[in-house]
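For reference, protein35.cif is printed below; it contains mmCIF, C-alpha atoms.
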data_structure
#
loop_
_atom_site.label_atom_id
_atom_site.label_comp_id
_atom_site.auth_asym_id
_atom_site.auth_seq_id
_atom_site.Cartn_x
_atom_site.Cartn_y
_atom_site.Cartn_z
CA MET A 1 126.96 115.77 83.83
CA VAL A 2 129.65 114.38 86.07
CA VAL A 3 129.87 110.84 87.41
CA GLU A 4 132.00 109.77 90.33
CA ILE A 5 133.37 106.28 90.77
CA GLN A 6 135.18 104.87 93.78
CA ILE A 7 138.01 102.38 93.84
CA ALA A 8 138.89 100.66 97.14
CA SER A 9 142.63 100.93 96.61
CA GLU A 10 145.15 98.79 98.41
CA GLY A 11 147.76 101.54 98.25
CA PHE A 12 151.43 101.17 97.40
CA ASN A 13 151.89 100.34 93.75
CA ALA A 14 148.38 99.06 93.29
CA HIS A 15 146.98 99.54 89.78
CA TYR A 16 143.42 99.24 88.53
CA ASP A 17 142.12 99.05 84.99
CA ILE A 18 139.07 101.33 85.10
CA THR A 19 138.30 101.23 81.37
CA GLU A 20 135.06 99.26 81.77
CA GLN A 21 133.83 101.56 84.50
CA ILE A 22 134.39 104.52 82.20
CA ALA A 23 132.63 102.72 79.34
CA SER A 24 129.59 102.09 81.54
CA VAL A 25 129.16 105.82 82.10
CA LEU A 26 129.10 106.78 78.41
CA PRO A 27 125.42 105.87 77.72
CA LYS A 28 124.39 108.38 80.39
CA PHE A 29 125.86 111.32 78.48
CA GLU A 30 123.57 113.63 76.47
CA THR A 31 125.75 113.17 73.40
CA SER A 32 126.63 109.83 71.85
CA GLU A 33 130.03 110.95 70.63
CA GLY A 34 132.77 113.15 72.03
CA ILE A 35 135.78 113.00 74.26
CA ALA A 36 135.28 112.13 77.92
CA LYS A 37 137.29 113.86 80.62
CA VAL A 38 138.55 111.57 83.37
CA LEU A 39 140.64 112.43 86.41
CA ALA A 40 141.74 110.78 89.61
CA VAL A 41 141.65 112.80 92.82
CA GLY A 42 144.70 112.86 95.06
CA SER A 43 148.36 113.77 95.09
CA THR A 44 149.82 110.25 95.29
CA VAL A 45 147.91 108.69 92.39
CA GLY A 46 148.41 108.57 88.65
CA LEU A 47 145.97 108.03 85.81
CA ILE A 48 147.17 107.13 82.33
CA SER A 49 146.26 105.23 79.19
CA MET A 50 148.54 102.26 78.58
CA ARG A 51 148.95 98.72 77.31
CA TYR A 52 147.89 97.11 80.57
CA GLU A 53 149.93 93.96 81.02
CA GLU A 54 152.21 92.74 83.78
CA GLY A 55 155.49 93.52 82.03
CA ALA A 56 154.59 97.05 80.98
CA VAL A 57 153.43 97.85 84.52
CA GLU A 58 156.66 96.47 86.02
CA ASP A 59 158.79 98.47 83.57
CA LEU A 60 156.94 101.68 84.32
CA LEU A 61 157.26 101.26 88.08
CA ALA A 62 160.98 100.50 87.64
CA ALA A 63 161.45 103.71 85.65
CA LEU A 64 159.70 105.73 88.35
CA GLU A 65 161.94 104.09 90.94
CA ARG A 66 165.01 105.16 88.94
CA ILE A 67 163.72 108.73 88.67
CA SER A 68 162.86 109.04 92.34
CA PRO A 69 163.74 106.06 94.53
CA ARG A 70 161.39 105.02 97.28
CA GLU A 71 164.27 104.95 99.75
CA HIS A 72 165.65 108.45 99.63
CA ASP A 73 165.90 111.47 101.89
CA TYR A 74 162.78 113.38 100.83
CA ALA A 75 162.13 116.94 101.96
CA HIS A 76 158.45 115.96 102.19
CA TYR A 77 159.34 113.84 105.22
CA ARG A 78 160.93 116.81 106.94
CA THR A 79 157.96 119.09 106.27
CA SER A 80 155.13 116.59 106.77
CA ASN A 81 156.59 113.58 108.62
CA ASP A 82 155.15 111.34 105.91
CA LEU A 83 157.28 108.65 104.24
CA ASN A 84 155.44 108.90 100.90
CA GLY A 85 157.68 111.58 99.36
CA PHE A 86 158.41 109.38 96.36
CA ALA A 87 154.67 108.89 95.79
CA HIS A 88 154.10 112.63 95.35
CA VAL A 89 156.91 112.83 92.79
CA TRP A 90 155.68 109.80 90.85
CA SER A 91 152.15 111.20 90.77
CA SER A 92 153.33 114.58 89.47
CA ILE A 93 155.38 112.99 86.71
CA MET A 94 152.69 110.52 85.66
CA GLY A 95 149.78 112.95 85.77
CA SER A 96 146.21 112.18 86.73
CA SER A 97 144.01 113.61 83.95
CA VAL A 98 143.22 111.74 80.72
CA LEU A 99 140.91 112.13 77.74
CA VAL A 100 139.02 109.21 76.24
CA PRO A 101 137.14 109.32 72.88
CA TYR A 102 133.73 107.71 72.38
CA LYS A 103 131.32 107.14 69.51
CA ASN A 104 127.85 105.59 69.58
CA SER A 105 128.17 105.78 73.37
CA ARG A 106 131.06 103.32 73.27
CA LEU A 107 134.80 103.81 73.67
CA ALA A 108 136.41 104.64 70.32
CA VAL A 109 139.76 103.02 71.12
CA SER A 110 141.06 99.51 70.62
CA HIS A 111 140.67 96.95 73.37
CA THR A 112 144.38 97.26 74.27
CA HIS A 113 144.13 100.99 75.07
CA ARG A 114 143.30 100.84 78.77
CA ILE A 115 142.80 103.57 81.34
CA VAL A 116 144.69 102.64 84.48
CA LEU A 117 144.73 104.11 87.97
CA PHE A 118 147.98 103.83 89.91
CA ASP A 119 148.11 104.39 93.64
CA PHE A 120 151.56 104.98 95.14
CA ASP A 121 150.53 105.88 98.66
CA LEU A 122 151.62 103.68 101.54
CA GLN A 123 148.15 103.16 102.97
CA PRO A 124 144.99 101.67 101.49
CA ALA A 125 142.35 104.31 100.77
CA PRO A 126 139.19 104.80 98.73
CA ARG A 127 140.13 106.62 95.52
CA THR A 128 137.75 108.82 93.58
CA ILE A 129 137.61 109.19 89.80
CA PHE A 130 135.46 111.80 88.06
CA ILE A 131 134.14 111.33 84.54
CA SER A 132 132.34 113.91 82.43
CA ASN A 133 131.66 114.62 78.75
CA MET B 1 131.32 116.79 67.90
CA VAL B 2 134.46 114.73 67.56
CA VAL B 3 136.88 114.78 64.64
CA GLU B 4 139.43 112.10 63.91
CA ILE B 5 142.67 112.71 62.06
CA GLN B 6 145.17 110.15 60.86
CA ILE B 7 148.95 110.46 60.74
CA ALA B 8 150.92 107.94 58.68
CA SER B 9 153.68 107.58 61.25
CA GLU B 10 157.12 106.24 60.44
CA GLY B 11 157.47 104.82 63.95
CA PHE B 12 160.54 104.99 66.16
CA ASN B 13 161.14 108.51 67.39
CA ALA B 14 159.10 110.13 64.64
CA HIS B 15 157.44 113.40 65.63
CA TYR B 16 154.72 115.36 63.88
CA ASP B 17 153.55 118.90 64.47
CA ILE B 18 149.75 118.55 64.26
CA THR B 19 148.92 122.13 65.30
CA GLU B 20 147.59 123.16 61.89
CA GLN B 21 145.43 120.07 61.63
CA ILE B 22 143.90 120.93 65.00
CA ALA B 23 143.38 124.54 63.91
CA SER B 24 141.54 123.41 60.80
CA VAL B 25 138.97 121.59 62.93
CA LEU B 26 138.06 124.59 65.09
CA PRO B 27 135.66 126.30 62.62
CA LYS B 28 133.52 123.15 62.67
CA PHE B 29 132.75 123.48 66.37
CA GLU B 30 129.38 124.92 67.50
CA THR B 31 131.16 127.43 69.72
CA SER B 32 133.79 129.89 68.53
CA GLU B 33 135.68 129.90 71.81
CA GLY B 34 136.60 127.26 74.33
CA ILE B 35 139.24 124.68 75.06
CA ALA B 36 139.65 121.80 72.63
CA LYS B 37 140.39 118.30 73.89
CA VAL B 38 142.99 116.42 71.87
CA LEU B 39 144.33 112.92 72.42
CA ALA B 40 146.46 110.42 70.55
CA VAL B 41 145.40 106.77 70.58
CA GLY B 42 147.95 104.11 71.45
CA SER B 43 150.29 103.02 74.19
CA THR B 44 153.60 103.85 72.49
CA VAL B 45 152.81 107.44 71.49
CA GLY B 46 153.01 110.77 73.26
CA LEU B 47 151.17 114.05 72.66
CA ILE B 48 152.43 117.29 74.17
CA SER B 49 152.62 121.02 73.62
CA MET B 50 156.18 122.21 73.13
CA ARG B 51 158.55 124.60 71.40
CA TYR B 52 158.93 122.47 68.32
CA GLU B 53 162.49 122.84 67.12
CA GLU B 54 165.25 120.34 66.41
CA GLY B 55 167.25 120.97 69.57
CA ALA B 56 164.31 120.77 71.98
CA VAL B 57 163.18 117.51 70.40
CA GLU B 58 166.67 116.02 70.66
CA ASP B 59 166.96 117.06 74.32
CA LEU B 60 163.60 115.54 75.20
CA LEU B 61 164.39 112.23 73.52
CA ALA B 62 167.77 112.17 75.31
CA ALA B 63 166.04 112.68 78.67
CA LEU B 64 163.62 109.83 77.94
CA GLU B 65 166.58 107.64 77.00
CA ARG B 66 168.21 108.46 80.36
CA ILE B 67 165.01 107.63 82.23
CA SER B 68 164.40 104.35 80.44
CA PRO B 69 167.10 103.30 77.92
CA ARG B 70 166.07 101.66 74.68
CA GLU B 71 168.59 98.87 75.26
CA HIS B 72 167.53 97.40 78.58
CA ASP B 73 166.07 94.17 79.90
CA TYR B 74 162.36 95.05 79.88
CA ALA B 75 159.76 92.85 81.52
CA HIS B 76 157.49 93.73 78.60
CA TYR B 77 159.69 91.60 76.36
CA ARG B 78 159.29 88.61 78.64
CA THR B 79 155.50 88.97 78.81
CA SER B 80 154.81 90.04 75.21
CA ASN B 81 157.94 89.18 73.17
CA ASP B 82 157.95 92.75 71.90
CA LEU B 83 161.14 94.84 71.96
CA ASN B 84 159.31 98.14 72.46
CA GLY B 85 159.30 98.09 76.28
CA PHE B 86 160.98 101.48 76.43
CA ALA B 87 158.27 102.93 74.15
CA HIS B 88 155.53 102.05 76.62
CA VAL B 89 157.44 103.73 79.45
CA TRP B 90 158.16 106.86 77.43
CA SER B 91 154.52 107.12 76.40
CA SER B 92 153.29 106.79 79.99
CA ILE B 93 155.66 109.48 81.22
CA MET B 94 154.98 111.90 78.38
CA GLY B 95 151.21 111.47 78.34
CA SER B 96 148.92 111.61 75.31
CA SER B 97 146.09 114.04 76.23
CA VAL B 98 146.37 117.82 75.80
CA LEU B 99 144.08 120.82 75.97
CA VAL B 100 144.24 123.68 73.45
CA PRO B 101 142.45 127.02 73.85
CA TYR B 102 140.70 128.77 70.96
CA LYS B 103 138.93 132.08 70.35
CA ASN B 104 137.14 133.29 67.22
CA SER B 105 137.56 129.72 65.96
CA ARG B 106 141.33 130.14 65.96
CA LEU B 107 144.01 128.85 68.31
CA ALA B 108 144.53 131.24 71.22
CA VAL B 109 148.21 130.47 71.70
CA SER B 110 151.34 131.96 70.19
CA HIS B 111 152.78 130.50 67.03
CA THR B 112 155.60 128.84 69.01
CA HIS B 113 153.19 126.76 71.15
CA ARG B 114 152.92 123.63 69.00
CA ILE B 115 151.05 120.38 69.57
CA VAL B 116 153.36 117.52 68.70
CA LEU B 117 152.74 113.79 68.30
CA PHE B 118 155.63 111.48 69.17
CA ASP B 119 155.68 107.87 68.08
CA PHE B 120 158.14 105.61 69.87
CA ASP B 121 157.05 102.29 68.44
CA LEU B 122 159.49 100.27 66.33
CA GLN B 123 157.16 99.86 63.35
CA PRO B 124 155.47 102.39 61.09
CA ALA B 125 151.73 102.60 61.72
CA PRO B 126 148.78 104.90 61.09
CA ARG B 127 148.16 106.93 64.24
CA THR B 128 144.79 108.36 65.22
CA ILE B 129 144.17 111.66 66.97
CA PHE B 130 140.75 112.70 68.28
CA ILE B 131 139.74 116.34 68.65
CA SER B 132 136.58 117.64 70.31
CA ASN B 133 135.32 120.83 71.93
CA MET C 1 132.94 129.93 77.77
CA VAL C 2 136.65 130.37 78.29
CA VAL C 3 138.30 132.50 80.95
CA GLU C 4 141.89 133.67 80.85
CA ILE C 5 143.93 134.45 83.95
CA GLN C 6 147.37 135.99 84.10
CA ILE C 7 150.16 135.24 86.55
CA ALA C 8 153.10 137.65 86.79
CA SER C 9 155.70 134.92 87.05
CA GLU C 10 159.17 135.45 88.42
CA GLY C 11 160.58 132.71 86.19
CA PHE C 12 163.08 130.03 87.16
CA ASN C 13 161.48 127.49 89.47
CA ALA C 14 158.69 129.79 90.57
CA HIS C 15 155.46 128.00 91.47
CA TYR C 16 151.99 129.40 92.01
CA ASP C 17 148.95 127.78 93.57
CA ILE C 18 146.14 128.86 91.21
CA THR C 19 143.39 126.76 92.81
CA GLU C 20 141.46 129.74 94.17
CA GLN C 21 141.61 131.55 90.85
CA ILE C 22 140.13 128.48 89.18
CA ALA C 23 137.45 128.23 91.88
CA SER C 24 136.45 131.84 91.30
CA VAL C 25 135.68 131.11 87.64
CA LEU C 26 133.30 128.21 88.33
CA PRO C 27 130.17 130.29 89.16
CA LYS C 28 130.41 131.85 85.68
CA PHE C 29 129.86 128.53 83.93
CA GLU C 30 126.42 127.65 82.51
CA THR C 31 126.47 124.34 84.36
CA SER C 32 126.95 123.98 88.09
CA GLU C 33 128.70 120.63 87.85
CA GLY C 34 131.22 119.13 85.49
CA ILE C 35 134.92 118.91 84.92
CA ALA C 36 136.83 122.10 84.14
CA LYS C 37 139.63 122.11 81.59
CA VAL C 38 142.68 124.12 82.62
CA LEU C 39 145.90 124.67 80.73
CA ALA C 40 148.96 126.86 80.98
CA VAL C 41 150.35 128.41 77.80
CA GLY C 42 154.04 128.11 77.06
CA SER C 43 156.77 125.55 76.50
CA THR C 44 158.74 126.13 79.70
CA VAL C 45 155.88 125.84 82.18
CA GLY C 46 154.13 122.96 83.88
CA LEU C 47 150.65 122.65 85.38
CA ILE C 48 149.77 119.82 87.74
CA SER C 49 147.62 118.89 90.69
CA MET C 50 149.67 118.18 93.80
CA ARG C 51 149.96 118.38 97.57
CA TYR C 52 151.32 121.90 97.59
CA GLU C 53 153.83 122.15 100.40
CA GLU C 54 157.48 123.15 100.53
CA GLY C 55 158.90 119.65 100.81
CA ALA C 56 156.89 118.13 97.98
CA VAL C 57 157.86 121.01 95.69
CA GLU C 58 161.55 120.62 96.58
CA ASP C 59 161.42 116.86 95.94
CA LEU C 60 159.74 117.30 92.56
CA LEU C 61 162.26 119.90 91.40
CA ALA C 62 165.10 117.62 92.57
CA ALA C 63 163.69 114.74 90.52
CA LEU C 64 163.44 116.94 87.43
CA GLU C 65 167.05 118.01 88.01
CA ARG C 66 168.09 114.34 88.11
CA ILE C 67 166.20 113.60 84.88
CA SER C 68 167.59 116.57 83.01
CA PRO C 69 170.15 118.70 84.87
CA ARG C 70 170.09 122.45 84.48
CA GLU C 71 173.83 122.46 83.74
CA HIS C 72 174.14 120.22 80.72
CA ASP C 73 175.05 120.54 77.05
CA TYR C 74 171.59 120.96 75.53
CA ALA C 75 171.00 120.83 71.78
CA HIS C 76 168.44 123.59 72.31
CA TYR C 77 171.31 125.97 73.04
CA ARG C 78 172.96 125.11 69.75
CA THR C 79 169.77 125.58 67.75
CA SER C 80 168.30 128.57 69.60
CA ASN C 81 171.14 130.12 71.66
CA ASP C 82 168.89 129.93 74.70
CA LEU C 83 170.14 128.45 78.00
CA ASN C 84 166.72 127.14 79.02
CA GLY C 85 167.05 123.71 77.39
CA PHE C 86 166.33 121.98 80.69
CA ALA C 87 163.13 124.03 81.09
CA HIS C 88 161.69 122.67 77.85
CA VAL C 89 162.40 119.10 78.94
CA TRP C 90 160.91 119.62 82.40
CA SER C 91 157.78 121.17 80.90
CA SER C 92 157.28 118.29 78.48
CA ILE C 93 157.63 115.70 81.21
CA MET C 94 155.39 117.53 83.70
CA GLY C 95 152.67 118.48 81.22
CA SER C 96 150.54 121.61 81.26
CA SER C 97 146.91 120.45 80.94
CA VAL C 98 144.79 119.37 83.92
CA LEU C 99 141.18 118.54 84.64
CA VAL C 100 139.38 119.74 87.77
CA PRO C 101 135.96 118.49 88.92
CA TYR C 102 133.28 120.80 90.34
CA LYS C 103 129.83 120.47 91.88
CA ASN C 104 127.45 123.22 92.97
CA SER C 105 129.85 125.62 91.25
CA ARG C 106 132.58 124.69 93.73
CA LEU C 107 135.65 122.51 93.41
CA ALA C 108 134.83 118.88 94.19
CA VAL C 109 138.24 118.01 95.58
CA SER C 110 139.69 118.19 99.06
CA HIS C 111 141.48 121.31 100.18
CA THR C 112 144.87 119.57 99.83
CA HIS C 113 144.39 118.88 96.09
CA ARG C 114 145.93 122.04 94.61
CA ILE C 115 146.46 123.10 91.02
CA VAL C 116 149.97 124.51 90.72
CA LEU C 117 151.71 126.39 87.93
CA PHE C 118 155.47 125.88 87.62
CA ASP C 119 157.62 128.20 85.57
CA PHE C 120 161.09 126.93 84.67
CA ASP C 121 162.13 129.69 82.30
CA LEU C 122 165.10 131.86 83.18
CA GLN C 123 163.28 135.17 82.80
CA PRO C 124 160.23 136.62 84.53
CA ALA C 125 157.20 136.73 82.24
CA PRO C 126 153.42 137.02 82.41
CA ARG C 127 151.96 133.54 82.15
CA THR C 128 148.51 132.79 80.80
CA ILE C 129 146.12 130.09 82.03
CA PHE C 130 142.89 129.23 80.22
CA ILE C 131 139.90 127.71 82.03
CA SER C 132 136.76 126.37 80.43
CA ASN C 133 133.96 123.96 81.25
#
Show the structure stored in the file as structure tokens.
Amino acid sequence: MVVEIQIASEGFNAHYDITEQIASVLPKFETSEGIAKVLAVGSTVGLISMRYEEGAVEDLLAALERISPREHDYAHYRTSNDLNGFAHVWSSIMGSSVLVPYKNSRLAVSHTHRIVLFDFDLQPAPRTIFISN
Amino acid sequence: MVVEIQIASEGFNAHYDITEQIASVLPKFETSEGIAKVLAVGSTVGLISMRYEEGAVEDLLAALERISPREHDYAHYRTSNDLNGFAHVWSSIMGSSVLVPYKNSRLAVSHTHRIVLFDFDLQPAPRTIFISN
Amino acid sequence: MVVEIQIASEGFNAHYDITEQIASVLPKFETSEGIAKVLAVGSTVGLISMRYEEGAVEDLLAALERISPREHDYAHYRTSNDLNGFAHVWSSIMGSSVLVPYKNSRLAVSHTHRIVLFDFDLQPAPRTIFISN
């Protein structure tokens, strides 16, 4: 079974805690315990587990900016005419696939372990997440 | 089926090769071949496959230190009063979900492909890893 | 069920779009929809989803070079006498496990969402990818 959820993302550096949406899918699975597979579709998004609080988000975005600054001469602009070159790099480094354990059809992690979608693209867009057991 | 293992972690920059613990779970699975899902719980840990030897570990930690130095003015400190801001960044960049192939209920990778838990937090803590098929 | 594919990799900074090879495995699965698990074996390779075009690849490799330059005094050389210290770091940061959704035995992502194998090692080598549902 695979479930698809949509996030109406605002684009550039938006981040969304999707933990509760994932939790709401778990009772639909045939098994009450296991590890769920979750991924975000797209090449300018990231999906990670993290302590989701303002400071940690700011620090992470600052580190990505140090690794690959937004204002920079990206080859992606020359080959695609798109100014989101940094967003592709950030997405590749962050990754967009995570695993999430569950027991008794509920998440088996503490309340501070959140699954967060990051969108680095310059335009708002609907973002798709797939969840399966 | 999901199996939980515990590591009594010493905290800051500790690393643990958990490959054998993963291997010991495989015979319990209903299927003798597949890809196991493995994840470490927590927002200051990392879980990766790597060549696990002293030099490679040192190089990786040095790269993380370049990306996001331990001594730095992290927003996480201002919002949570916790000095482990760098640990959250390192964890997000490293990731904490890996896949591991198995055949005949044994790992289907060479002996040098190790699954390693990193703990960047400043305090010792028990760390939980979930494994499922 | 687990399927193994081989890529005859040319080594250093070679990259291979393996999306079609993954797609060709999907009809063999017992279920027609789900999320496939895909991983690349080895400690000097990376496996990610990305917009696979020349500029984005160049930008990503440049970012990895900034994080951990190829020419650098790596501890890995002192402990293993191997000059691929940077390759181990790049692999750990990029990761080598991805999830890929499918429906009706076909990939459920747009044509621009590609699964790409990177090989950072200095020598050509056959590289193994495992795929399972």
Fit chain B to chain A, all Cα atoms paired in order, least squares. Then write it as a tab-separated table (two decimals) with C-alpha atoms, keeping the file's coordinate frame.
chain	number	residue	atom	x	y	z
B	1	MET	CA	126.96	115.75	83.80
B	2	VAL	CA	129.66	114.37	86.05
B	3	VAL	CA	129.87	110.83	87.40
B	4	GLU	CA	132.00	109.77	90.33
B	5	ILE	CA	133.37	106.28	90.79
B	6	GLN	CA	135.16	104.87	93.80
B	7	ILE	CA	138.02	102.37	93.85
B	8	ALA	CA	138.89	100.67	97.14
B	9	SER	CA	142.63	100.93	96.60
B	10	GLU	CA	145.15	98.77	98.42
B	11	GLY	CA	147.74	101.55	98.26
B	12	PHE	CA	151.41	101.17	97.42
B	13	ASN	CA	151.89	100.35	93.76
B	14	ALA	CA	148.36	99.06	93.29
B	15	HIS	CA	146.97	99.54	89.79
B	16	TYR	CA	143.41	99.24	88.54
B	17	ASP	CA	142.12	99.04	85.00
B	18	ILE	CA	139.06	101.33	85.12
B	19	THR	CA	138.29	101.23	81.38
B	20	GLU	CA	135.06	99.27	81.77
B	21	GLN	CA	133.82	101.55	84.51
B	22	ILE	CA	134.39	104.52	82.21
B	23	ALA	CA	132.63	102.73	79.36
B	24	SER	CA	129.60	102.09	81.54
B	25	VAL	CA	129.17	105.82	82.10
B	26	LEU	CA	129.09	106.77	78.42
B	27	PRO	CA	125.42	105.86	77.72
B	28	LYS	CA	124.39	108.37	80.39
B	29	PHE	CA	125.86	111.31	78.49
B	30	GLU	CA	123.56	113.61	76.46
B	31	THR	CA	125.75	113.15	73.39
B	32	SER	CA	126.65	109.80	71.86
B	33	GLU	CA	130.04	110.94	70.63
B	34	GLY	CA	132.75	113.13	72.03
B	35	ILE	CA	135.78	113.00	74.27
B	36	ALA	CA	135.28	112.13	77.92
B	37	LYS	CA	137.29	113.87	80.62
B	38	VAL	CA	138.56	111.57	83.36
B	39	LEU	CA	140.64	112.45	86.40
B	40	ALA	CA	141.74	110.78	89.61
B	41	VAL	CA	141.65	112.80	92.82
B	42	GLY	CA	144.71	112.86	95.06
B	43	SER	CA	148.36	113.76	95.08
B	44	THR	CA	149.82	110.25	95.29
B	45	VAL	CA	147.90	108.69	92.39
B	46	GLY	CA	148.41	108.56	88.65
B	47	LEU	CA	145.95	108.03	85.79
B	48	ILE	CA	147.17	107.12	82.33
B	49	SER	CA	146.26	105.22	79.19
B	50	MET	CA	148.55	102.27	78.59
B	51	ARG	CA	148.94	98.72	77.32
B	52	TYR	CA	147.88	97.13	80.57
B	53	GLU	CA	149.93	93.99	81.00
B	54	GLU	CA	152.20	92.75	83.77
B	55	GLY	CA	155.48	93.51	82.03
B	56	ALA	CA	154.59	97.06	80.98
B	57	VAL	CA	153.44	97.86	84.51
B	58	GLU	CA	156.65	96.47	86.02
B	59	ASP	CA	158.79	98.47	83.57
B	60	LEU	CA	156.95	101.70	84.32
B	61	LEU	CA	157.26	101.28	88.08
B	62	ALA	CA	160.98	100.50	87.65
B	63	ALA	CA	161.46	103.71	85.65
B	64	LEU	CA	159.70	105.74	88.35
B	65	GLU	CA	161.93	104.10	90.95
B	66	ARG	CA	165.00	105.15	88.93
B	67	ILE	CA	163.72	108.72	88.66
B	68	SER	CA	162.86	109.06	92.33
B	69	PRO	CA	163.75	106.04	94.54
B	70	ARG	CA	161.39	105.01	97.30
B	71	GLU	CA	164.27	104.93	99.77
B	72	HIS	CA	165.65	108.45	99.64
B	73	ASP	CA	165.91	111.47	101.90
B	74	TYR	CA	162.79	113.38	100.84
B	75	ALA	CA	162.13	116.93	101.95
B	76	HIS	CA	158.47	115.94	102.20
B	77	TYR	CA	159.34	113.83	105.23
B	78	ARG	CA	160.94	116.78	106.95
B	79	THR	CA	157.97	119.07	106.27
B	80	SER	CA	155.13	116.57	106.75
B	81	ASN	CA	156.59	113.56	108.62
B	82	ASP	CA	155.15	111.33	105.92
B	83	LEU	CA	157.28	108.65	104.24
B	84	ASN	CA	155.47	108.88	100.90
B	85	GLY	CA	157.68	111.58	99.35
B	86	PHE	CA	158.41	109.40	96.35
B	87	ALA	CA	154.66	108.91	95.78
B	88	HIS	CA	154.10	112.64	95.34
B	89	VAL	CA	156.91	112.83	92.78
B	90	TRP	CA	155.68	109.81	90.84
B	91	SER	CA	152.16	111.20	90.76
B	92	SER	CA	153.33	114.59	89.47
B	93	ILE	CA	155.38	113.01	86.70
B	94	MET	CA	152.71	110.53	85.64
B	95	GLY	CA	149.79	112.95	85.77
B	96	SER	CA	146.20	112.17	86.73
B	97	SER	CA	144.01	113.63	83.93
B	98	VAL	CA	143.22	111.75	80.71
B	99	LEU	CA	140.91	112.14	77.75
B	100	VAL	CA	139.00	109.21	76.22
B	101	PRO	CA	137.15	109.33	72.89
B	102	TYR	CA	133.74	107.72	72.38
B	103	LYS	CA	131.32	107.13	69.51
B	104	ASN	CA	127.85	105.57	69.58
B	105	SER	CA	128.17	105.77	73.37
B	106	ARG	CA	131.07	103.32	73.27
B	107	LEU	CA	134.80	103.82	73.66
B	108	ALA	CA	136.42	104.65	70.33
B	109	VAL	CA	139.76	103.03	71.10
B	110	SER	CA	141.06	99.51	70.62
B	111	HIS	CA	140.66	96.97	73.37
B	112	THR	CA	144.37	97.26	74.26
B	113	HIS	CA	144.12	101.00	75.07
B	114	ARG	CA	143.29	100.83	78.78
B	115	ILE	CA	142.80	103.58	81.34
B	116	VAL	CA	144.69	102.63	84.47
B	117	LEU	CA	144.72	104.12	87.97
B	118	PHE	CA	147.97	103.84	89.92
B	119	ASP	CA	148.11	104.39	93.64
B	120	PHE	CA	151.54	104.99	95.13
B	121	ASP	CA	150.52	105.89	98.65
B	122	LEU	CA	151.63	103.69	101.54
B	123	GLN	CA	148.15	103.17	102.98
B	124	PRO	CA	144.99	101.67	101.51
B	125	ALA	CA	142.36	104.31	100.77
B	126	PRO	CA	139.20	104.80	98.73
B	127	ARG	CA	140.13	106.63	95.53
B	128	THR	CA	137.75	108.83	93.57
B	129	ILE	CA	137.61	109.20	89.80
B	130	PHE	CA	135.45	111.81	88.06
B	131	ILE	CA	134.14	111.32	84.53
B	132	SER	CA	132.34	113.92	82.42
B	133	ASN	CA	131.64	114.63	78.76
Check your understanding: To one decimal place, how far is atom CA of B:Thr44 from atom CA of A:His113 in Å?
Key -> 10.2 Å
Check your understanding: Which residue out of A:Tyr16, A:Phe29, A:Tyr102, A:Tyr74 has the minimum interatomic distance to chain B when all atoms listed in the file are used?
Key ->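 For chain B, the nearest of the candidates is A:Tyr102.
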Determine, using only C-alpha atoms, which residues of chain A have any atom at most 7 Å from an atom of chain B, and tabulate each with its shortest atom pair and distance in Å to one decimal place, rows ordered by chain and then rising number, as JSON lines.
{"residue": "A:Glu33", "atom": "CA", "partner": "B:Met1", "partner_atom": "CA", "distance": 6.6}
{"residue": "A:Gly34", "atom": "CA", "partner": "B:Val2", "partner_atom": "CA", "distance": 5.0}
{"residue": "A:Ile35", "atom": "CA", "partner": "B:Ser132", "partner_atom": "CA", "distance": 6.1}
{"residue": "A:Ile48", "atom": "CA", "partner": "B:Ser92", "partner_atom": "CA", "distance": 6.6}
{"residue": "A:Ser49", "atom": "CA", "partner": "B:Ser43", "partner_atom": "CA", "distance": 6.8}
{"residue": "A:Met50", "atom": "CA", "partner": "B:Ser43", "partner_atom": "CA", "distance": 4.8}
{"residue": "A:Arg51", "atom": "CA", "partner": "B:Ser43", "partner_atom": "CA", "distance": 5.5}
{"residue": "A:Gly55", "atom": "CA", "partner": "B:His76", "partner_atom": "CA", "distance": 4.0}
{"residue": "A:Ala56", "atom": "CA", "partner": "B:His76", "partner_atom": "CA", "distance": 5.0}
{"residue": "A:Glu58", "atom": "CA", "partner": "B:Ala75", "partner_atom": "CA", "distance": 6.6}
{"residue": "A:Asp59", "atom": "CA", "partner": "B:Ala75", "partner_atom": "CA", "distance": 6.1}
{"residue": "A:Leu60", "atom": "CA", "partner": "B:Val89", "partner_atom": "CA", "distance": 5.3}
{"residue": "A:Ala63", "atom": "CA", "partner": "B:Ser68", "partner_atom": "CA", "distance": 6.0}
{"residue": "A:Ile67", "atom": "CA", "partner": "B:Ile67", "partner_atom": "CA", "distance": 6.7}
{"residue": "A:Ile93", "atom": "CA", "partner": "B:Ile93", "partner_atom": "CA", "distance": 6.5}
{"residue": "A:Met94", "atom": "CA", "partner": "B:Ile93", "partner_atom": "CA", "distance": 5.4}
{"residue": "A:Val98", "atom": "CA", "partner": "B:Ser97", "partner_atom": "CA", "distance": 5.8}
{"residue": "A:Leu99", "atom": "CA", "partner": "B:Ser97", "partner_atom": "CA", "distance": 5.7}
{"residue": "A:Pro101", "atom": "CA", "partner": "B:Phe130", "partner_atom": "CA", "distance": 6.8}
{"residue": "A:Val109", "atom": "CA", "partner": "B:Val41", "partner_atom": "CA", "distance": 6.8}
{"residue": "A:His113", "atom": "CA", "partner": "B:Gly42", "partner_atom": "CA", "distance": 6.1}
Check your understanding: Which residue, A:Glu71, A:Glu53, A:Glu30, A:Asp82, has the smallest gap to A:Asp17 when you use only C-alpha atoms?
Key ->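 Distance minimum relative to A:Asp17 lands on A:Glu53.
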